[in-house]
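Student: File name upload16.cif; file contents mmCIF, C-alpha atoms (C1' of nucleotides); full text below.
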```cif
data_input
loop_
_atom_site.label_atom_id
_atom_site.label_comp_id
_atom_site.auth_asym_id
_atom_site.auth_seq_id
_atom_site.Cartn_x
_atom_site.Cartn_y
_atom_site.Cartn_z
CA MET C 1 -23.66 3.76 11.12
CA ILE C 2 -20.00 3.69 10.11
CA GLY C 3 -17.58 6.51 10.80
CA LEU C 4 -14.42 7.28 8.93
CA ALA C 5 -11.87 9.09 11.06
CA ASP C 6 -9.02 10.49 9.04
CA CYS C 7 -6.02 12.46 10.31
CA ASN C 8 -5.61 15.82 8.60
CA ASN C 9 -2.40 16.10 6.56
CA PHE C 10 -1.09 13.33 8.78
CA TYR C 11 2.69 13.37 8.24
CA ALA C 12 2.84 17.16 8.22
CA SER C 13 0.77 17.20 11.42
CA CYS C 14 3.15 14.66 13.01
CA GLU C 15 6.12 16.95 12.35
CA ARG C 16 4.26 19.73 14.14
CA VAL C 17 3.49 17.84 17.32
CA PHE C 18 6.94 18.25 18.82
CA ASN C 19 7.87 21.36 16.85
CA PRO C 20 5.20 24.00 17.47
CA LYS C 21 7.24 26.61 15.62
CA LEU C 22 5.74 24.99 12.52
CA ASP C 23 2.18 25.96 13.46
CA ARG C 24 0.52 28.02 10.74
CA LYS C 25 3.67 27.71 8.60
CA PRO C 26 3.77 25.72 5.35
CA VAL C 27 5.14 22.20 5.92
CA VAL C 28 5.81 19.43 3.42
CA VAL C 29 7.06 15.88 3.90
CA LEU C 30 9.06 14.08 1.23
CA SER C 31 8.99 10.46 0.11
CA ASN C 32 11.95 8.14 0.60
CA ASN C 33 15.11 9.42 -1.03
CA ASP C 34 13.72 12.94 -0.56
CA GLY C 35 12.03 12.45 -3.91
CA CYS C 36 8.40 13.56 -4.03
CA ILE C 37 5.97 15.54 -1.91
CA ILE C 38 3.79 13.06 -0.01
CA ALA C 39 2.21 15.32 2.61
CA ARG C 40 1.36 19.00 2.77
CA SER C 41 0.01 21.26 5.48
CA ASN C 42 -2.96 23.43 4.50
CA GLU C 43 -0.61 26.39 4.07
CA ALA C 44 1.51 24.37 1.63
CA LYS C 45 -1.60 23.28 -0.28
CA LYS C 46 -2.63 26.92 -0.62
CA LEU C 47 0.70 27.68 -2.27
CA GLY C 48 -0.32 25.30 -5.03
CA ILE C 49 2.04 22.45 -4.16
CA LYS C 50 0.64 19.23 -5.60
CA MET C 51 0.60 15.75 -4.11
CA GLY C 52 3.33 13.55 -5.57
CA GLU C 53 5.23 16.40 -7.14
CA PRO C 54 9.02 15.85 -7.37
CA ALA C 55 10.70 18.09 -4.83
CA PHE C 56 13.41 19.32 -7.17
CA LYS C 57 10.81 20.77 -9.51
CA ILE C 58 9.44 23.12 -6.88
CA LYS C 59 12.72 24.14 -5.32
CA GLY C 60 12.01 27.73 -6.27
CA ILE C 61 8.64 27.80 -4.48
CA ILE C 62 10.14 26.13 -1.42
CA GLU C 63 12.84 28.74 -1.09
CA LYS C 64 10.63 31.69 -1.94
CA HIS C 65 7.98 30.87 0.68
CA ASN C 66 10.33 29.46 3.28
CA ILE C 67 8.54 26.11 3.30
CA ASN C 68 9.61 23.68 6.02
CA VAL C 69 10.71 20.46 4.37
CA PHE C 70 11.11 17.08 6.08
CA SER C 71 12.40 13.69 5.02
CA THR C 72 9.96 10.90 5.78
CA ASN C 73 10.24 9.68 9.39
CA PHE C 74 8.24 6.50 9.63
CA ALA C 75 9.30 5.66 13.16
CA LEU C 76 7.63 8.88 14.31
CA TYR C 77 4.51 8.60 12.13
CA GLY C 78 3.98 4.95 13.01
CA ASP C 79 4.16 5.63 16.70
CA LEU C 80 1.82 8.63 16.57
CA SER C 81 -0.58 6.57 14.44
CA ARG C 82 -0.64 3.92 17.15
CA ARG C 83 -1.49 6.57 19.73
CA VAL C 84 -4.31 8.01 17.61
CA MET C 85 -5.81 4.54 17.05
CA ASN C 86 -5.59 3.73 20.75
CA THR C 87 -7.44 6.94 21.53
CA PHE C 88 -10.27 5.93 19.16
CA ARG C 89 -10.39 2.60 20.96
CA THR C 90 -11.26 4.33 24.22
CA GLU C 91 -14.54 5.53 22.68
CA VAL C 92 -15.75 2.80 20.32
CA ASN C 93 -16.06 -0.94 20.78
CA LYS C 94 -15.39 -1.99 17.22
CA MET C 95 -13.06 -0.45 14.69
CA GLU C 96 -10.97 -1.26 11.65
CA VAL C 97 -7.58 0.38 11.25
CA TYR C 98 -7.64 1.03 7.53
CA SER C 99 -4.31 2.79 7.00
CA ILE C 100 -1.66 4.66 8.93
CA ASP C 101 -3.95 7.68 9.25
CA GLU C 102 -7.47 6.30 8.87
CA ALA C 103 -9.85 4.10 10.80
CA PHE C 104 -13.43 2.99 10.27
CA LEU C 105 -15.33 3.23 13.55
CA ASP C 106 -18.53 1.41 14.46
CA PHE C 107 -21.03 4.06 15.50
CA THR C 108 -24.05 1.78 15.64
CA ASP C 109 -24.98 3.10 19.06
CA PHE C 110 -23.28 6.48 18.84
CA LEU C 111 -25.16 8.93 16.65
CA ASP C 112 -24.62 12.15 18.48
CA LYS C 113 -22.78 15.04 16.95
CA ASP C 114 -21.58 16.40 20.27
CA ARG C 115 -19.91 13.14 21.15
CA LEU C 116 -18.20 13.13 17.77
CA VAL C 117 -16.84 16.59 18.39
CA GLN C 118 -15.64 15.46 21.80
CA LEU C 119 -13.89 12.45 20.29
CA LYS C 120 -12.14 14.67 17.81
CA MET C 121 -11.02 17.02 20.60
CA LYS C 122 -9.83 14.13 22.70
CA VAL C 123 -7.56 12.89 19.92
CA GLN C 124 -6.25 16.39 19.41
CA LYS C 125 -5.56 16.80 23.11
CA TRP C 126 -4.06 13.38 23.73
CA THR C 127 -1.91 13.08 20.60
CA GLY C 128 -1.65 16.55 19.05
CA ILE C 129 -3.07 15.26 15.77
CA PRO C 130 -6.12 16.93 14.16
CA VAL C 131 -8.70 14.51 12.75
CA SER C 132 -11.92 14.76 10.75
CA ILE C 133 -14.80 12.34 11.10
CA GLY C 134 -17.52 11.50 8.58
CA VAL C 135 -20.42 9.21 9.43
CA ALA C 136 -22.85 7.39 7.14
CA LYS C 137 -24.51 4.06 6.43
CA THR C 138 -21.63 2.60 4.42
CA LYS C 139 -17.86 2.99 4.18
CA THR C 140 -18.10 4.64 0.77
CA LEU C 141 -20.61 7.21 2.02
CA ALA C 142 -18.53 7.74 5.17
CA LYS C 143 -15.63 8.62 2.89
CA VAL C 144 -17.81 11.24 1.20
CA ALA C 145 -18.97 12.52 4.59
CA ASN C 146 -15.35 12.79 5.68
CA HIS C 147 -14.56 14.92 2.62
CA ILE C 148 -17.37 17.25 3.57
CA ALA C 149 -16.27 17.33 7.21
CA LYS C 150 -12.77 18.31 6.17
CA LYS C 151 -13.62 20.88 3.55
CA HIS C 152 -16.91 22.42 4.53
CA THR C 153 -17.34 22.29 8.29
CA LYS C 154 -15.69 24.13 11.13
CA ALA C 155 -16.17 21.34 13.64
CA GLY C 156 -14.49 18.75 11.43
CA VAL C 157 -17.34 16.26 11.80
CA PHE C 158 -20.24 15.51 9.46
CA ILE C 159 -23.09 13.01 9.56
CA PHE C 160 -25.27 11.85 6.67
CA GLU C 161 -28.45 11.89 8.68
CA ASP C 162 -30.98 11.25 5.94
CA GLU C 163 -31.25 10.29 2.30
CA ASP C 164 -32.14 13.79 1.19
CA LEU C 165 -28.83 15.10 2.55
CA VAL C 166 -26.96 12.25 0.84
CA LYS C 167 -28.60 13.03 -2.48
CA ARG C 168 -27.82 16.73 -2.31
CA ALA C 169 -24.19 16.00 -1.42
CA LEU C 170 -23.68 13.39 -4.16
CA ASN C 171 -25.14 15.79 -6.69
CA VAL C 172 -22.16 18.12 -6.26
CA PHE C 173 -19.55 15.47 -5.46
CA PRO C 174 -17.10 14.90 -8.36
CA VAL C 175 -17.16 11.29 -9.51
CA GLU C 176 -13.35 11.14 -9.53
CA ASP C 177 -13.24 11.81 -5.79
CA LEU C 178 -15.24 8.68 -5.00
CA TRP C 179 -13.44 5.90 -3.13
CA GLY C 180 -12.61 3.30 -5.77
CA ILE C 181 -12.72 5.58 -8.81
CA GLY C 182 -9.19 6.15 -9.99
CA ARG C 183 -7.74 8.07 -12.89
CA LYS C 184 -8.59 5.56 -15.60
CA ASN C 185 -12.18 5.01 -14.59
CA ALA C 186 -12.79 8.72 -13.99
CA LYS C 187 -11.73 9.42 -17.56
CA ARG C 188 -13.95 6.64 -18.90
CA LEU C 189 -16.95 7.90 -16.92
CA LYS C 190 -16.51 11.50 -17.99
CA GLU C 191 -16.35 10.45 -21.62
CA VAL C 192 -19.89 9.15 -21.33
CA GLY C 193 -21.10 12.18 -19.43
CA ILE C 194 -20.94 10.94 -15.85
CA HIS C 195 -19.43 13.72 -13.79
CA THR C 196 -21.02 13.53 -10.35
CA ALA C 197 -21.44 10.81 -7.77
CA LEU C 198 -25.21 11.10 -8.13
CA GLN C 199 -25.04 10.52 -11.89
CA PHE C 200 -22.91 7.45 -11.20
CA ARG C 201 -25.42 6.16 -8.67
CA GLU C 202 -28.16 6.42 -11.29
CA THR C 203 -26.19 4.78 -14.11
CA ASN C 204 -27.32 1.46 -15.55
CA THR C 205 -25.81 -1.31 -13.43
CA HIS C 206 -25.07 -3.60 -16.39
CA TRP C 207 -23.04 -0.86 -18.01
CA ILE C 208 -21.10 -0.40 -14.77
CA LYS C 209 -20.46 -4.12 -14.45
CA ARG C 210 -19.19 -4.30 -18.01
CA ASN C 211 -16.93 -1.27 -17.74
CA LEU C 212 -15.84 -1.15 -14.12
CA SER C 213 -16.15 -4.79 -13.09
CA ILE C 214 -17.80 -6.01 -9.93
CA ASN C 215 -16.09 -3.28 -7.90
CA GLY C 216 -18.06 -0.60 -9.71
CA VAL C 217 -21.30 -2.41 -8.91
CA LYS C 218 -20.38 -2.62 -5.24
CA LEU C 219 -19.50 1.06 -5.21
CA GLN C 220 -22.89 1.88 -6.66
CA LYS C 221 -24.68 -0.20 -4.04
CA GLU C 222 -22.70 1.42 -1.25
CA LEU C 223 -23.75 4.84 -2.54
CA LYS C 224 -27.34 3.67 -2.22
CA GLY C 225 -26.71 2.76 1.41
CA GLU C 226 -26.28 -0.99 0.97
CA ILE C 227 -23.20 -2.34 2.75
CA CYS C 228 -20.81 -4.25 0.48
CA TYR C 229 -17.67 -3.59 2.50
CA PRO C 230 -18.33 -4.51 6.11
CA LEU C 231 -15.95 -3.56 8.89
CA LYS C 232 -13.01 -5.94 9.05
CA LEU C 233 -12.65 -6.54 12.74
CA THR C 234 -9.85 -9.08 12.69
CA THR C 235 -6.42 -8.17 11.36
CA GLN C 236 -5.68 -10.13 8.22
CA ARG C 237 -2.37 -11.75 7.61
CA LYS C 238 -0.49 -10.13 4.72
CA LYS C 239 -0.45 -12.21 1.55
CA ASN C 240 2.64 -10.54 0.13
CA ILE C 241 5.44 -8.56 1.72
CA CYS C 242 7.76 -6.36 -0.31
CA THR C 243 10.86 -4.44 0.67
CA SER C 244 12.39 -2.22 -1.97
CA ARG C 245 14.31 1.03 -2.23
CA SER C 246 15.60 3.36 -4.89
CA PHE C 247 19.26 4.18 -4.64
CA ALA C 248 20.45 7.70 -3.97
CA ASN C 249 22.96 7.09 -6.75
CA GLU C 250 22.49 4.60 -9.53
CA ILE C 251 24.40 1.34 -9.16
CA ASN C 252 26.09 -0.94 -11.61
CA GLU C 253 28.40 -3.08 -9.48
CA VAL C 254 26.99 -6.45 -8.57
CA LYS C 255 28.64 -6.36 -5.15
CA LYS C 256 26.62 -3.33 -4.05
CA LEU C 257 23.48 -4.82 -5.52
CA ARG C 258 24.10 -7.98 -3.50
CA GLU C 259 24.34 -5.90 -0.34
CA ALA C 260 21.10 -4.10 -1.11
CA VAL C 261 19.21 -7.24 -2.15
CA SER C 262 20.34 -9.25 0.87
CA SER C 263 19.37 -6.40 3.18
CA HIS C 264 15.90 -6.20 1.61
CA ALA C 265 15.55 -9.98 1.82
CA ASN C 266 16.54 -9.94 5.47
CA THR C 267 14.00 -7.17 6.15
CA CYS C 268 11.31 -9.28 4.48
CA ALA C 269 12.25 -12.19 6.75
CA ILE C 270 12.04 -9.95 9.81
CA LYS C 271 8.62 -8.66 8.72
CA LEU C 272 7.45 -12.25 8.19
CA ARG C 273 8.58 -13.28 11.67
CA LYS C 274 6.83 -10.28 13.15
CA GLU C 275 3.60 -11.41 11.48
CA LYS C 276 4.22 -15.00 12.52
CA SER C 277 4.04 -16.00 8.85
CA CYS C 278 6.17 -18.01 6.49
CA CYS C 279 6.43 -17.41 2.76
CA SER C 280 6.23 -19.97 -0.04
CA THR C 281 7.73 -17.75 -2.74
CA VAL C 282 10.73 -15.45 -2.85
CA GLY C 283 11.16 -12.98 -5.69
CA VAL C 284 13.77 -10.38 -6.54
CA PHE C 285 13.59 -7.49 -8.99
CA LEU C 286 15.79 -4.74 -10.39
CA ASN C 287 14.76 -1.50 -12.11
CA THR C 288 16.72 0.84 -14.31
CA ASN C 289 15.89 4.53 -14.02
CA PRO C 290 12.57 5.08 -15.85
CA PHE C 291 13.11 8.83 -16.01
CA LYS C 292 16.15 8.46 -18.20
CA SER C 293 14.17 8.26 -21.39
CA LYS C 294 17.25 7.87 -23.55
CA ALA C 295 18.70 4.90 -21.66
CA GLU C 296 17.49 1.42 -22.48
CA GLN C 297 15.19 0.10 -19.76
CA TYR C 298 15.37 -3.24 -17.97
CA TYR C 299 12.87 -4.47 -15.34
CA PRO C 300 13.80 -8.07 -14.60
CA TYR C 301 12.02 -10.20 -11.98
CA LYS C 302 12.80 -13.72 -10.83
CA MET C 303 10.67 -15.76 -8.46
CA PHE C 304 11.32 -19.06 -6.72
CA ARG C 305 8.83 -21.45 -5.19
CA LEU C 306 9.99 -23.01 -1.97
CA ASP C 307 9.44 -26.64 -1.04
CA VAL C 308 8.95 -25.68 2.58
CA PRO C 309 7.57 -22.26 3.58
CA THR C 310 10.08 -20.30 5.62
CA ASN C 311 10.77 -17.09 7.49
CA ASP C 312 14.45 -17.82 8.00
CA SER C 313 16.67 -14.88 7.10
CA ILE C 314 19.51 -17.02 5.80
CA GLU C 315 17.30 -19.06 3.49
CA ILE C 316 15.36 -16.10 2.10
CA VAL C 317 18.58 -14.14 1.49
CA LYS C 318 20.04 -17.16 -0.32
CA PHE C 319 17.10 -17.41 -2.72
CA ALA C 320 17.07 -13.66 -3.32
CA LEU C 321 20.78 -13.66 -4.19
CA LYS C 322 20.37 -16.66 -6.44
CA GLY C 323 17.66 -14.75 -8.29
CA LEU C 324 19.83 -11.65 -8.48
CA ASP C 325 22.63 -13.66 -10.10
CA GLN C 326 20.17 -14.86 -12.73
CA ILE C 327 18.75 -11.45 -13.66
CA TYR C 328 21.80 -9.21 -13.25
CA LEU C 329 23.24 -7.90 -16.49
CA PRO C 330 26.38 -5.78 -16.19
CA SER C 331 25.42 -3.66 -19.18
CA TYR C 332 22.72 -1.74 -17.28
CA ILE C 333 22.83 0.81 -14.48
CA TYR C 334 20.22 0.21 -11.79
CA LYS C 335 18.09 2.66 -9.82
CA LYS C 336 16.09 0.33 -7.63
CA ALA C 337 16.13 -3.18 -6.20
CA GLY C 338 13.58 -5.09 -4.19
CA VAL C 339 12.53 -8.40 -2.72
CA ILE C 340 8.97 -9.75 -2.60
CA VAL C 341 7.95 -12.71 -0.50
CA GLY C 342 4.54 -14.20 -1.18
CA ARG C 343 2.01 -16.96 -0.59
CA THR C 344 2.31 -16.63 3.11
CA VAL C 345 1.02 -19.23 5.53
CA PRO C 346 0.79 -19.07 9.31
CA GLU C 347 4.04 -20.09 10.99
CA SER C 348 2.14 -22.78 12.86
CA GLN C 349 0.72 -24.41 9.72
CA VAL C 350 3.85 -25.04 7.67
CA GLN C 351 3.63 -28.16 5.54
CA LEU C 352 6.89 -30.07 5.91
CA SER C 353 8.63 -31.81 3.06
CA LEU C 354 9.75 -35.40 3.06
CA PHE C 355 13.03 -34.48 1.42
CA ASP C 356 13.86 -31.46 3.56
CA ASN C 357 17.32 -31.61 5.11
CA LEU C 358 17.53 -28.22 6.77
CA ASP C 359 17.66 -28.12 10.57
CA ARG C 360 14.72 -25.72 10.87
CA ASP C 361 14.60 -25.89 14.64
CA LYS C 362 18.13 -24.62 14.87
CA ARG C 363 17.48 -21.81 12.38
CA ARG C 364 14.38 -20.78 14.31
CA LYS C 365 16.48 -20.43 17.45
CA VAL C 366 19.17 -18.42 15.67
CA ASN C 367 16.61 -16.04 14.20
CA SER C 368 14.84 -15.52 17.46
CA VAL C 369 18.08 -14.73 19.27
CA VAL C 370 19.08 -12.26 16.54
CA ASP C 371 15.63 -10.63 16.67
CA ARG C 372 15.87 -10.28 20.44
CA ILE C 373 19.32 -8.71 20.33
CA ASN C 374 18.31 -6.26 17.62
CA LYS C 375 15.17 -5.31 19.47
CA ARG C 376 17.19 -4.47 22.54
CA MET C 377 20.33 -2.99 21.02
CA GLY C 378 18.98 -1.37 17.87
CA LYS C 379 18.21 -2.31 14.29
CA ASP C 380 20.89 -4.22 12.35
CA LYS C 381 23.23 -4.60 15.33
CA VAL C 382 23.48 -8.24 14.26
CA LYS C 383 23.16 -8.97 10.55
CA LEU C 384 24.45 -11.22 7.82
CA ALA C 385 27.94 -10.55 6.50
CA VAL C 386 26.66 -10.45 2.93
CA GLN C 387 24.62 -7.34 3.78
CA GLY C 388 27.90 -5.44 4.02
CA THR C 389 28.85 -2.76 6.47
CA GLY C 390 28.71 0.47 4.55
CA ARG C 391 25.20 0.69 3.11
CA LYS C 392 26.76 2.15 0.01
CA TRP C 393 23.34 1.98 -1.63
CA LYS C 394 21.98 4.27 1.08
CA LEU C 395 18.94 6.48 0.79
CA LYS C 396 19.01 10.22 0.65
CA GLN C 397 17.49 11.63 3.85
CA GLU C 398 18.76 15.12 4.40
CA LYS C 399 15.91 16.65 6.38
CA LEU C 400 15.12 13.96 8.90
CA SER C 401 13.40 15.02 12.10
CA PRO C 402 14.24 13.31 15.42
CA CYS C 403 12.44 10.12 16.49
CA TYR C 404 10.95 11.98 19.44
CA THR C 405 8.92 9.09 20.76
CA THR C 406 10.83 5.96 19.83
CA ARG C 407 14.49 6.66 20.55
CA PHE C 408 15.84 7.71 23.94
CA ALA C 409 18.60 9.84 22.43
CA ASP C 410 16.00 11.84 20.46
CA MET C 411 13.70 12.64 23.35
CA LEU C 412 12.89 16.29 23.93
CA GLU C 413 14.44 17.88 26.97
CA VAL C 414 12.46 20.45 28.88
CA LYS C 415 14.40 22.96 30.90
CA VAL C 416 12.58 24.38 33.90
"C1'" DT O 1 21.77 16.68 -10.44
"C1'" DC O 2 17.05 15.48 -8.61
"C1'" DT O 3 11.08 11.65 -9.73
"C1'" DG O 4 8.51 6.67 -3.14
"C1'" DG O 5 7.00 2.41 -1.13
"C1'" DG O 6 3.69 -1.04 0.13
"C1'" DG O 7 -0.46 -3.29 -0.44
"C1'" DT O 8 -5.29 -5.69 -2.42
"C1'" DC O 9 -8.49 -7.39 -5.73
"C1'" DC O 10 -10.35 -8.55 -10.39
"C1'" DT O 11 -10.20 -10.36 -15.09
"C1'" DA O 12 -8.83 -12.62 -19.29
"C1'" DG O 13 -6.55 -16.17 -21.16
"C1'" DG O 14 -3.91 -20.36 -21.08
"C1'" DA O 15 -3.11 -24.98 -19.38
"C1'" DC O 16 -5.05 -28.73 -17.76
"C1'" DC O 17 -8.80 -32.23 -16.36
"C1'" DC O 18 -12.86 -35.47 -17.51
"C1'" DT G 1 -16.32 -30.88 -45.73
"C1'" DC G 2 -17.05 -32.13 -40.90
"C1'" DT G 3 -14.16 -31.91 -34.54
"C1'" DG G 4 -18.25 -30.83 -27.61
"C1'" DG G 5 -19.16 -29.28 -23.31
"C1'" DG G 6 -18.07 -28.30 -18.76
"C1'" DG G 7 -15.06 -27.50 -15.29
"C1'" DT G 8 -10.64 -25.75 -12.16
"C1'" DC G 9 -6.43 -23.52 -11.31
"C1'" DC G 10 -2.80 -20.36 -12.22
"C1'" DT G 11 -0.67 -16.12 -13.82
"C1'" DA G 12 0.24 -11.57 -15.65
"C1'" DG G 13 -1.37 -7.30 -16.03
"C1'" DG G 14 -4.12 -3.66 -14.70
"C1'" DA G 15 -7.01 -1.20 -11.75
"C1'" DC G 16 -7.42 0.69 -7.27
"C1'" DC G 17 -6.01 2.23 -2.28
"C1'" DC G 18 -2.94 4.71 1.34
#
```
Show me this structure written as structure tokens.
Tutor:
Amino acid sequence: MIGLADCNNFYASCERVFNPKLDRKPVVVLSNNDGCIIARSNEAKKLGIKMGEPAFKIKGIIEKHNINVFSTNFALYGDLSRRVMNTFRTEVNKMEVYSIDEAFLDFTDFLDKDRLVQLKMKVQKWTGIPVSIGVAKTKTLAKVANHIAKKHTKAGVFIFEDEDLVKRALNVFPVEDLWGIGRKNAKRLKEVGIHTALQFRETNTHWIKRNLSINGVKLQKELKGEICYPLKLTTQRKKNICTSRSFANEINEVKKLREAVSSHANTCAIKLRKEKSCCSTVGVFLNTNPFKSKAEQYYPYKMFRLDVPTNDSIEIVKFALKGLDQIYLPSYIYKKAGVIVGRTVPESQVQLSLFDNLDRDKRRKVNSVVDRINKRMGKDKVKLAVQGTGRKWKLKQEKLSPCYTTRFADMLEVKV
DNA sequence: TCTGGGGTCCTAGGACCC
DNA sequence: TCTGGGGTCCTAGGACCC
């Protein structure tokens, strides 16, 4: 049996851990740039606040109901996520960390509701984060079980013990809530009269293959209890890494864009080195503001293939800036810029080029010294001059909570 | 005024090979 | 008038996920 453990309203719950005044009060967390709602406490959900809604549109509701609003604080959420996952690890032998707030747990020898409840309580006690756990034969069914655990049980745990229970649950489970059915496919399915998960499970497989591709067929099998998505027990190297940000204020000057792009490129290089990967492609893109319907839109992208895969900051920044020069047009005003590095290979398996004249050994040493200094003294203490000093393209983050667990200056003080 | 960021996988179609 | 059959690889775009 496979369990899906999912943190309830994760980011909102994280904000509560060190700020108990927020208990039972509505809490929302905003996306980067304080743009959209990306997490809501149950109280906020009850007020009708929707996922992904732009914050400025619900300003009235926020003020009227005294909703507690937070900018996104990934240092905090990432660290609490690590703690939650480590707590799971104390109880199961095999698990797959699926996202920042979810893990698939191997419950092959663990089918006991009381132990599930205990696990849930342990996470709550050790980390302060509430979780729900659903258990079933496959990942897809575990997702359904998790839904039920969250919405219809007090204990927050639910097990699909037999096929009859599965069938009854699928019969009332909306097809659009299935894992792998998105907006487009949900619409398509409803048009032909498929509204519930059970109806989907009984649909002709050829029709599903034709209309939803092989993924739809796998989904159908998983609903029947046949595993198509086994637990991934080894962490996979990322195939692409992207760093991008919207600007708080739109930008036209190429100098500021160069600062933003080189910073994103440098971040990509740092992420690569952390993964012990090198990339074989470097791409850069710009976006105008898509919400300005009157303005002419421009979404350029330029990618380079490298002769020798690299994770050197200087080299990746150079390619990104070269791309920027090729796509930048002064007649547009830009809202977003980003860098994508792709086709990664393990650092230890880089194919050298006969015509390479870069002293890669030296660069490797420089990067590792810079990484070490920044780890010890703080992010960006040492950076490339082209990144600039001002971060004039800065994000909007007006409601940021402290990094309680990852920065000494932000630690809570207890007076006794 | 104000609208996020980071991923994966699949498919069709084009280019190329023999 | 009439022009085969069987492959691989790559890419862009679209779907999905959190």
Student: List the residues matched by the PyMOL selection byres ((chain G) within 10 of (chain C)) in the displayed structure as a ChimeraX atom specification, ordered by chain and then by residue number.
Tutor: /G:15-18
Student: To one decimal place, how far is CA of Lys375 in chain C from CA of Val29 in chain C in Å?
Tutor: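 So the answer is 27.5 Å.
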Student: Care to translate the PyMOL selection byres ((chain O and resi 2-4) around 10) into actual residues of this file, as a list of chain:residue names?
Tutor: C:Leu30, C:Ser31, C:Asn32, C:Asn33, C:Asp34, C:Gly35, C:Cys36, C:Ile37, C:Ile38, C:Gly52, C:Glu53, C:Pro54, C:Ala55, C:Phe56, C:Lys57, C:Thr72, C:Ser244, C:Arg245, C:Ser246, C:Ala248, C:Asn289, C:Pro290, C:Phe291, O:DT1, O:DG5, O:DG6
Student: Nearest to Cys228 in chain C: which of C:Leu141, C:Val370, C:Leu306, C:Leu116 is it, counting all atoms listed in the file?
Tutor: C:Leu141
Student: Grab the CA of Gly128 in chain C to CA of Ser13 in chain C distance for me, in Å with one decimal place.
Tutor: 8.0 Å
Student: Carefully work through the PyMOL selection byres ((chain C and resi 338) around 12) for this structure and note down the residues it includes, as a ChimeraX atom specification.
Tutor: /C:241-247,257-268,282-287,299-303,317,320-321,323-324,334-337,339-341 /O:5-6
Student: Next, the residues of the selection above should be written as a PDB file, in the frame of the given file with C-alpha atoms (C1' of nucleotides).
Tutor:
```
ATOM      1  CA  ILE C 241       5.440  -8.560   1.720  1.00  0.00           C
ATOM      2  CA  CYS C 242       7.760  -6.360  -0.310  1.00  0.00           C
ATOM      3  CA  THR C 243      10.860  -4.440   0.670  1.00  0.00           C
ATOM      4  CA  SER C 244      12.390  -2.220  -1.970  1.00  0.00           C
ATOM      5  CA  ARG C 245      14.310   1.030  -2.230  1.00  0.00           C
ATOM      6  CA  SER C 246      15.600   3.360  -4.890  1.00  0.00           C
ATOM      7  CA  PHE C 247      19.260   4.180  -4.640  1.00  0.00           C
ATOM      8  CA  LEU C 257      23.480  -4.820  -5.520  1.00  0.00           C
ATOM      9  CA  ARG C 258      24.100  -7.980  -3.500  1.00  0.00           C
ATOM     10  CA  GLU C 259      24.340  -5.900  -0.340  1.00  0.00           C
ATOM     11  CA  ALA C 260      21.100  -4.100  -1.110  1.00  0.00           C
ATOM     12  CA  VAL C 261      19.210  -7.240  -2.150  1.00  0.00           C
ATOM     13  CA  SER C 262      20.340  -9.250   0.870  1.00  0.00           C
ATOM     14  CA  SER C 263      19.370  -6.400   3.180  1.00  0.00           C
ATOM     15  CA  HIS C 264      15.900  -6.200   1.610  1.00  0.00           C
ATOM     16  CA  ALA C 265      15.550  -9.980   1.820  1.00  0.00           C
ATOM     17  CA  ASN C 266      16.540  -9.940   5.470  1.00  0.00           C
ATOM     18  CA  THR C 267      14.000  -7.170   6.150  1.00  0.00           C
ATOM     19  CA  CYS C 268      11.310  -9.280   4.480  1.00  0.00           C
ATOM     20  CA  VAL C 282      10.730 -15.450  -2.850  1.00  0.00           C
ATOM     21  CA  GLY C 283      11.160 -12.980  -5.690  1.00  0.00           C
ATOM     22  CA  VAL C 284      13.770 -10.380  -6.540  1.00  0.00           C
ATOM     23  CA  PHE C 285      13.590  -7.490  -8.990  1.00  0.00           C
ATOM     24  CA  LEU C 286      15.790  -4.740 -10.390  1.00  0.00           C
ATOM     25  CA  ASN C 287      14.760  -1.500 -12.110  1.00  0.00           C
ATOM     26  CA  TYR C 299      12.870  -4.470 -15.340  1.00  0.00           C
ATOM     27  CA  PRO C 300      13.800  -8.070 -14.600  1.00  0.00           C
ATOM     28  CA  TYR C 301      12.020 -10.200 -11.980  1.00  0.00           C
ATOM     29  CA  LYS C 302      12.800 -13.720 -10.830  1.00  0.00           C
ATOM     30  CA  MET C 303      10.670 -15.760  -8.460  1.00  0.00           C
ATOM     31  CA  VAL C 317      18.580 -14.140   1.490  1.00  0.00           C
ATOM     32  CA  ALA C 320      17.070 -13.660  -3.320  1.00  0.00           C
ATOM     33  CA  LEU C 321      20.780 -13.660  -4.190  1.00  0.00           C
ATOM     34  CA  GLY C 323      17.660 -14.750  -8.290  1.00  0.00           C
ATOM     35  CA  LEU C 324      19.830 -11.650  -8.480  1.00  0.00           C
ATOM     36  CA  TYR C 334      20.220   0.210 -11.790  1.00  0.00           C
ATOM     37  CA  LYS C 335      18.090   2.660  -9.820  1.00  0.00           C
ATOM     38  CA  LYS C 336      16.090   0.330  -7.630  1.00  0.00           C
ATOM     39  CA  ALA C 337      16.130  -3.180  -6.200  1.00  0.00           C
ATOM     40  CA  VAL C 339      12.530  -8.400  -2.720  1.00  0.00           C
ATOM     41  CA  ILE C 340       8.970  -9.750  -2.600  1.00  0.00           C
ATOM     42  CA  VAL C 341       7.950 -12.710  -0.500  1.00  0.00           C
TER      43      VAL C 341
ATOM     44  C1'  DG O   5       7.000   2.410  -1.130  1.00  0.00           C
ATOM     45  C1'  DG O   6       3.690  -1.040   0.130  1.00  0.00           C
TER      46       DG O   6
END
```
Student: Counting all atoms listed in the file, figure out which residue out of C:Gly78, C:Gly134, C:Gly48, C:Gly3 gets nearest to Tyr404 in chain C.
Tutor: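 Among C:Gly78, C:Gly134, C:Gly48, C:Gly3, it is C:Gly78 that comes nearest to Tyr404 in chain C.
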